[in-house]
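Next up, coords-v2.csv (CSV, C-alpha atoms and all ligand atoms):
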chain,number,residue,atom,x,y,z
Z,1,MET,CA,21.2,-14.9,-8.5
Z,2,ALA,CA,22.0,-11.4,-7.4
Z,3,GLN,CA,25.4,-10.6,-5.9
Z,4,HIS,CA,24.5,-11.0,-2.2
Z,5,ARG,CA,22.8,-14.4,-2.6
Z,6,ASN,CA,20.1,-13.9,-0.1
Z,7,VAL,CA,16.6,-15.3,-0.9
Z,8,ILE,CA,13.7,-13.2,0.3
Z,9,LEU,CA,10.2,-14.8,0.5
Z,10,ILE,CA,7.2,-12.6,0.0
Z,11,GLY,CA,3.5,-13.5,-0.2
Z,12,MET,CA,0.2,-13.4,1.5
Z,13,PRO,CA,-0.2,-14.4,5.2
Z,14,GLY,CA,-0.6,-18.2,5.3
Z,15,SER,CA,1.3,-18.7,2.0
Z,16,GLY,CA,4.0,-20.6,3.9
Z,17,LYS,CA,6.9,-18.1,4.1
Z,18,SER,CA,7.8,-18.9,7.7
Z,19,THR,CA,7.3,-22.7,7.7
Z,20,LEU,CA,8.8,-23.2,4.3
Z,21,GLY,CA,11.6,-20.7,4.8
Z,22,ILE,CA,13.6,-22.8,7.3
Z,23,LEU,CA,13.4,-25.8,5.0
Z,24,LEU,CA,14.7,-23.7,2.1
Z,25,ALA,CA,17.5,-22.5,4.3
Z,26,LYS,CA,18.5,-26.1,5.1
Z,27,ALA,CA,18.4,-27.0,1.4
Z,28,LEU,CA,20.5,-24.0,0.4
Z,29,VAL,CA,22.9,-24.3,3.4
Z,30,PHE,CA,21.9,-20.7,4.3
Z,31,ASP,CA,21.0,-19.1,7.6
Z,32,PHE,CA,17.3,-18.2,8.2
Z,33,ILE,CA,15.6,-15.0,9.6
Z,34,ASP,CA,11.9,-14.3,10.0
Z,35,THR,CA,11.4,-10.5,10.0
Z,36,ASP,CA,8.2,-11.0,12.2
Z,37,VAL,CA,10.5,-12.4,14.9
Z,38,VAL,CA,12.8,-9.3,14.5
Z,39,ILE,CA,9.8,-7.0,15.0
Z,40,GLN,CA,8.7,-9.1,18.0
Z,41,THR,CA,12.1,-9.0,19.8
Z,42,ARG,CA,12.8,-5.3,19.1
Z,43,GLN,CA,9.3,-4.3,20.1
Z,44,HIS,CA,9.1,-6.7,23.1
Z,45,GLY,CA,5.8,-8.4,22.4
Z,46,ARG,CA,3.7,-10.6,20.2
Z,47,LEU,CA,2.9,-9.4,16.7
Z,48,ILE,CA,-0.8,-9.0,17.3
Z,49,GLU,CA,-0.1,-6.9,20.5
Z,50,ILE,CA,2.3,-4.7,18.6
Z,51,LEU,CA,-0.1,-4.3,15.7
Z,52,GLU,CA,-2.9,-3.3,18.1
Z,53,ARG,CA,-0.6,-1.0,20.1
Z,54,LEU,CA,0.9,0.8,17.1
Z,55,GLY,CA,-2.0,0.7,14.6
Z,56,ALA,CA,-1.5,-0.4,11.0
Z,57,GLU,CA,0.3,2.7,9.7
Z,58,GLN,CA,2.9,2.8,12.5
Z,59,PHE,CA,3.3,-1.0,12.4
Z,60,CYS,CA,4.2,-0.6,8.7
Z,61,ALA,CA,6.7,2.2,9.5
Z,62,VAL,CA,8.4,-0.1,12.1
Z,63,GLU,CA,8.4,-3.0,9.6
Z,64,ASN,CA,9.8,-0.7,7.0
Z,65,GLN,CA,12.6,0.6,9.2
Z,66,TYR,CA,13.7,-2.8,10.6
Z,67,CYS,CA,13.7,-4.5,7.2
Z,68,ALA,CA,15.5,-1.5,5.6
Z,69,GLU,CA,18.3,-1.9,8.2
Z,70,LEU,CA,19.0,-5.6,7.6
Z,71,GLU,CA,22.4,-6.4,6.3
Z,72,LEU,CA,22.6,-10.1,5.5
Z,73,ASP,CA,24.6,-12.5,3.4
Z,74,GLN,CA,23.5,-16.1,2.6
Z,75,TYR,CA,20.2,-15.9,4.4
Z,76,VAL,CA,16.7,-17.0,3.6
Z,77,VAL,CA,14.4,-14.2,4.8
Z,78,ALA,CA,10.8,-14.9,5.6
Z,79,THR,CA,9.0,-11.5,5.5
Z,80,GLY,CA,5.6,-10.5,6.9
Z,81,GLY,CA,2.9,-10.3,4.3
Z,82,SER,CA,2.5,-6.5,4.7
Z,83,VAL,CA,6.1,-5.7,3.8
Z,84,ILE,CA,5.2,-4.9,0.2
Z,85,TYR,CA,3.7,-1.6,1.5
Z,86,SER,CA,7.2,-0.5,2.7
Z,87,PRO,CA,9.3,1.1,0.0
Z,88,ASP,CA,12.6,1.3,1.9
Z,89,ALA,CA,12.3,-2.3,3.0
Z,90,MET,CA,11.6,-3.5,-0.5
Z,91,ALA,CA,14.5,-1.5,-1.9
Z,92,ASN,CA,16.8,-3.1,0.7
Z,93,PHE,CA,15.5,-6.6,-0.3
Z,94,GLN,CA,16.1,-5.8,-4.0
Z,95,ARG,CA,19.7,-4.9,-3.1
Z,96,LEU,CA,20.2,-7.9,-0.9
Z,97,GLY,CA,19.2,-10.7,-3.2
Z,98,THR,CA,16.5,-12.6,-5.1
Z,99,ILE,CA,12.9,-12.0,-4.2
Z,100,VAL,CA,10.7,-15.1,-4.4
Z,101,TYR,CA,6.9,-14.7,-4.4
Z,102,LEU,CA,4.9,-17.7,-3.0
Z,103,SER,CA,1.8,-17.4,-5.0
Z,104,ILE,CA,-1.3,-19.3,-3.9
Z,105,ALA,CA,-4.9,-19.5,-5.0
Z,106,PHE,CA,-7.3,-17.5,-2.8
Z,107,ASP,CA,-9.5,-20.6,-2.2
Z,108,GLU,CA,-6.6,-22.5,-0.7
Z,109,LEU,CA,-5.4,-19.6,1.4
Z,110,LEU,CA,-8.7,-18.7,3.1
Z,111,PRO,CA,-9.1,-21.9,5.2
Z,112,ARG,CA,-5.5,-21.4,6.6
Z,113,ILE,CA,-6.5,-17.9,7.9
Z,114,THR,CA,-8.8,-19.3,10.6
Z,115,ASP,CA,-7.3,-17.0,13.2
Z,116,MET,CA,-7.5,-13.7,11.3
Z,117,ASP,CA,-8.2,-11.7,14.5
Z,118,SER,CA,-5.5,-13.3,16.7
Z,119,ARG,CA,-2.7,-13.5,14.1
Z,120,GLY,CA,-2.9,-9.8,13.1
Z,121,ILE,CA,-3.1,-8.7,9.5
Z,122,VAL,CA,-2.6,-5.2,8.2
Z,123,MET,CA,-6.0,-4.3,6.7
Z,124,GLN,CA,-8.1,-1.2,6.4
Z,125,PRO,CA,-11.4,-1.0,8.3
Z,126,GLY,CA,-14.2,-2.8,6.3
Z,127,GLN,CA,-11.7,-4.4,4.0
Z,128,SER,CA,-12.4,-8.2,3.4
Z,129,PHE,CA,-9.6,-10.8,3.0
Z,130,ALA,CA,-10.7,-11.1,-0.6
Z,131,ASP,CA,-10.2,-7.3,-1.1
Z,132,LEU,CA,-6.8,-7.6,0.6
Z,133,TYR,CA,-5.8,-10.5,-1.7
Z,134,ALA,CA,-6.9,-8.5,-4.8
Z,135,GLU,CA,-5.0,-5.4,-3.6
Z,136,ARG,CA,-1.8,-7.2,-2.7
Z,137,VAL,CA,-1.3,-9.8,-5.6
Z,138,PRO,CA,-0.2,-7.1,-8.1
Z,139,LEU,CA,2.3,-5.7,-5.5
Z,140,TYR,CA,3.8,-9.1,-4.9
Z,141,ARG,CA,4.1,-9.7,-8.6
Z,142,GLN,CA,5.7,-6.3,-9.1
Z,143,PHE,CA,8.5,-7.0,-6.7
Z,144,ALA,CA,9.1,-10.7,-7.5
Z,145,ASN,CA,12.2,-11.9,-9.3
Z,146,ILE,CA,10.8,-15.4,-9.2
Z,147,THR,CA,7.2,-16.5,-8.7
Z,148,VAL,CA,6.4,-20.0,-7.5
Z,149,ASP,CA,2.9,-21.3,-7.5
Z,150,CYS,CA,2.3,-23.2,-4.2
Z,151,THR,CA,-1.3,-24.0,-4.9
Z,152,GLY,CA,-1.9,-27.7,-4.1
Z,153,GLU,CA,1.7,-28.3,-3.2
Z,154,ASP,CA,3.4,-29.4,0.0
Z,155,HIS,CA,6.5,-27.6,1.3
Z,156,GLU,CA,9.0,-30.2,-0.1
Z,157,HIS,CA,7.7,-29.7,-3.6
Z,158,THR,CA,7.7,-25.9,-3.3
Z,159,VAL,CA,11.3,-26.0,-1.9
Z,160,SER,CA,12.5,-28.0,-4.9
Z,161,GLN,CA,10.6,-25.6,-7.3
Z,162,ILE,CA,12.4,-22.7,-5.7
Z,163,MET,CA,15.8,-24.4,-5.9
Z,164,ALA,CA,15.3,-25.2,-9.6
Z,165,ALA,CA,14.3,-21.6,-10.3
Z,166,LEU,CA,17.3,-20.2,-8.4
Z,167,ASN,CA,19.7,-22.5,-10.2
Z,168,ALA,CA,18.2,-21.4,-13.6
Z,169,ASP,CA,18.6,-17.8,-12.5
Z,170,ASN,CA,22.4,-18.2,-11.7
Z,201,LIG,N1,2.0,-25.9,1.4
Z,201,LIG,C1,1.3,-26.0,2.6
Z,201,LIG,N2,0.5,-27.0,2.8
Z,201,LIG,C2,-0.2,-27.1,4.0
Z,201,LIG,N3,-0.2,-26.1,4.9
Z,201,LIG,C3,0.6,-25.1,4.8
Z,201,LIG,C4,1.4,-24.9,3.6
Z,201,LIG,N4,2.0,-23.7,3.7
Z,201,LIG,C5,1.7,-23.2,4.9
Z,201,LIG,N5,0.8,-24.0,5.5
Z,201,LIG,C6,0.2,-23.8,6.8
Z,201,LIG,O1,-0.3,-22.5,6.8
Z,201,LIG,C7,-0.1,-21.8,8.1
Z,201,LIG,C8,0.7,-20.5,7.8
Z,201,LIG,O2,2.0,-20.8,7.3
Z,201,LIG,P1,3.1,-19.8,7.6
Z,201,LIG,O3,4.4,-20.5,7.1
Z,201,LIG,O4,3.1,-19.2,8.9
Z,201,LIG,O5,2.8,-18.7,6.5
Z,201,LIG,P2,3.3,-17.2,6.4
Z,201,LIG,O6,4.6,-17.1,7.1
Z,201,LIG,O7,3.4,-17.0,4.9
Z,201,LIG,O8,2.2,-16.4,7.0
Z,201,LIG,C9,0.7,-22.8,8.9
Z,201,LIG,O9,-0.2,-23.5,9.7
Z,201,LIG,C10,1.3,-23.7,7.9
Z,201,LIG,O10,1.6,-25.1,8.4
Z,202,LIG,O1,0.1,-9.7,6.0
Z,202,LIG,C1,0.1,-9.0,7.0
Z,202,LIG,O2,-0.6,-8.0,7.1
Z,202,LIG,C2,0.9,-9.5,8.2
Z,202,LIG,C3,1.5,-10.7,8.1
Z,202,LIG,C4,2.2,-11.3,9.3
Z,202,LIG,O3,3.2,-12.1,8.8
Z,202,LIG,P1,3.0,-13.5,7.9
Z,202,LIG,O4,2.8,-13.0,6.5
Z,202,LIG,O5,4.2,-14.3,8.2
Z,202,LIG,O6,1.7,-14.1,8.4
Z,202,LIG,C5,2.8,-10.2,10.2
Z,202,LIG,O7,3.9,-9.5,9.5
Z,202,LIG,C6,1.8,-9.1,10.5
Z,202,LIG,O8,0.9,-9.7,11.5
Z,202,LIG,C7,1.0,-8.5,9.3
Z,203,MG,MG,5.3,-15.8,8.6

Show me, as structure tokens, the structure contained in the file I just sent.
Ligand SMILES: Nc1ncnc2c1ncn2[C@@H]1O[C@H](COP(=O)(O)OP(=O)(O)O)[C@@H](O)[C@H]1O
Ligand SMILES: O=C(O)C1=C[C@@H](OP(=O)(O)O)[C@@H](O)[C@H](O)C1
Ligand SMILES: [Mg+2]
Amino acid sequence: MAQHRNVILIGMPGSGKSTLGILLAKALVFDFIDTDVVIQTRQHGRLIEILERLGAEQFCAVENQYCAELELDQYVVATGGSVIYSPDAMANFQRLGTIVYLSIAFDELLPRITDMDSRGIVMQPGQSFADLYAERVPLYRQFANITVDCTGEDHEHTVSQIMAALNADN
């Protein structure tokens, strides 16, 4: 693992970064931070409200700034799915530790995003979720130090896959 020994989870919305991240932190005896929660507390509102208020471009600028400012040691970081559009944020995560991409088949992801309008996703007007998936997968792959395929797996299995990959990377 890289020097700072943080683990940064990236992936599509619904891939399990937030729910699995806390379990991974327990397994690693690390602390846990969800950058969506950082955005919510600093912007004083729920993510969907912030996204509607700022618009996609300004939301990404805020996400970029807050993630670029993070200084962490021995944390699991659950990021928001849109963070791969933010170059300063990604440069900071590359500096901070090991970036793990939670890869998942589109067909398994789609039923989890039942609340697309109320959860807030950074999308262009007219873009479908399938378009978004196709656009983002190469970006997640590009930034990943480790890719774990979560398709068909529960959290416990994925956490042990990540632990094994991190140990092999040491
Ligand atoms: N491996 C999994 N199996 C079943 N449900 C999952 C799995 N991973 C995530 N989910 C469900 O998908 C939803 C979104 O998960 P979440 O952790 O918030 O994803 P993210 O933070 O990547 O957007 C939650 O309801 C969560 O319980
Ligand atoms: O992928 C996205 O465009 C987004 C994902 C969300 O986080 P999750 O990936 O944790 O759902 C959140 O950051 C924001 O609503 C935008
Ligand atoms: Mg999340």

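Atom to atom, atom CA of Z:Ile33 and atom CA of Z:Thr79 stand 8.5 Å apart.
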
Open item on the list: Here is a test: counting all atoms listed in the file, which residue of Z:Phe143, Z:Tyr101, Z:Phe59, Z:Phe32 is nearest to ligand LIG 202 (chain Z)?
Closed with: Z:Phe59

Task: Two-atom distance - atom CA of Z:Glu69, atom CA of Z:Asn6 (Å) - done: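 A separation of 14.7 Å between them.
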
Task: Contacts of Z:Leu96 within 12 Å, only C-alpha atoms, excl. fewer than 4 positions in-chain, as a list in words - done: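 Everything that qualifies: Met1, Ala2, Gln3, His4, Arg5, Asn6, Val7, Ile8, Cys67, Ala68, Glu69, Leu70, Glu71, Leu72, Asp73, Gln74, Tyr75, Val76, Val77, Ala89, Met90, Ala91 and Asn92 of chain Z.
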
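Atom CA of Z:Val37 lies 14.1 Å from atom CA of Z:Asn64.
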
Open item on the list: Counting all atoms listed in the file, which residue out of Z:Met123, Z:Ala164, Z:Leu28, Z:Val62 sits closest to ligand LIG 202 (chain Z)?
Closed with: Z:Met123

Task: Protein and nucleic acid residues within 9 Å of ligand LIG 201 (chain Z) (only C-alpha atoms and all ligand atoms) as a PyMOL selection string - done: chain Z and resi 9-21+34+36+78-81+102+109+111-113+150-158

Open item on the list: With distances taken over only C-alpha atoms and all ligand atoms, which residue among Z:Gln142, Z:Gln124, Z:Ser82, Z:Thr147 lies nearest ligand MG 203 (chain Z)?
Closed with: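 The answer is Z:Ser82, which sits nearest to ligand MG 203 (chain Z).
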
- [ ] Pick out the closest residue to Z:Arg141 from this set: Z:Gln94, Z:Ser103, Z:Gln40, Z:Ser86. Count all atoms listed in the file.
- [x]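 Of all the options, Z:Ser103 lies closest to Z:Arg141.
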
Task: Of the listed residues Z:Leu23, Z:Ile50, Z:Cys60, Z:Val122, that which approaches ligand LIG 202 (chain Z) most closely, counting all atoms listed in the file - done: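 Nearest candidate to ligand LIG 202 (chain Z) out of Z:Leu23, Z:Ile50, Z:Cys60, Z:Val122: Z:Val122.
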
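Take the candidates Z:Ala144, Z:Val29, Z:Met163, Z:Ala56 and check each one against Z:Pro125 using all atoms listed in the file; the shortest distance goes to Z:Ala56.
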
Starting from 4 Å padding per side, set up an axis-aligned box that covers all listed atoms of stretch 163-167 of chain Z and hand over centre and edge lengths in Å, one decimal, as lines of an AutoDock Vina configuration file.
center_x = 17.0
center_y = -22.7
center_z = -8.1
size_x = 13.4
size_y = 13.0
size_z = 12.4
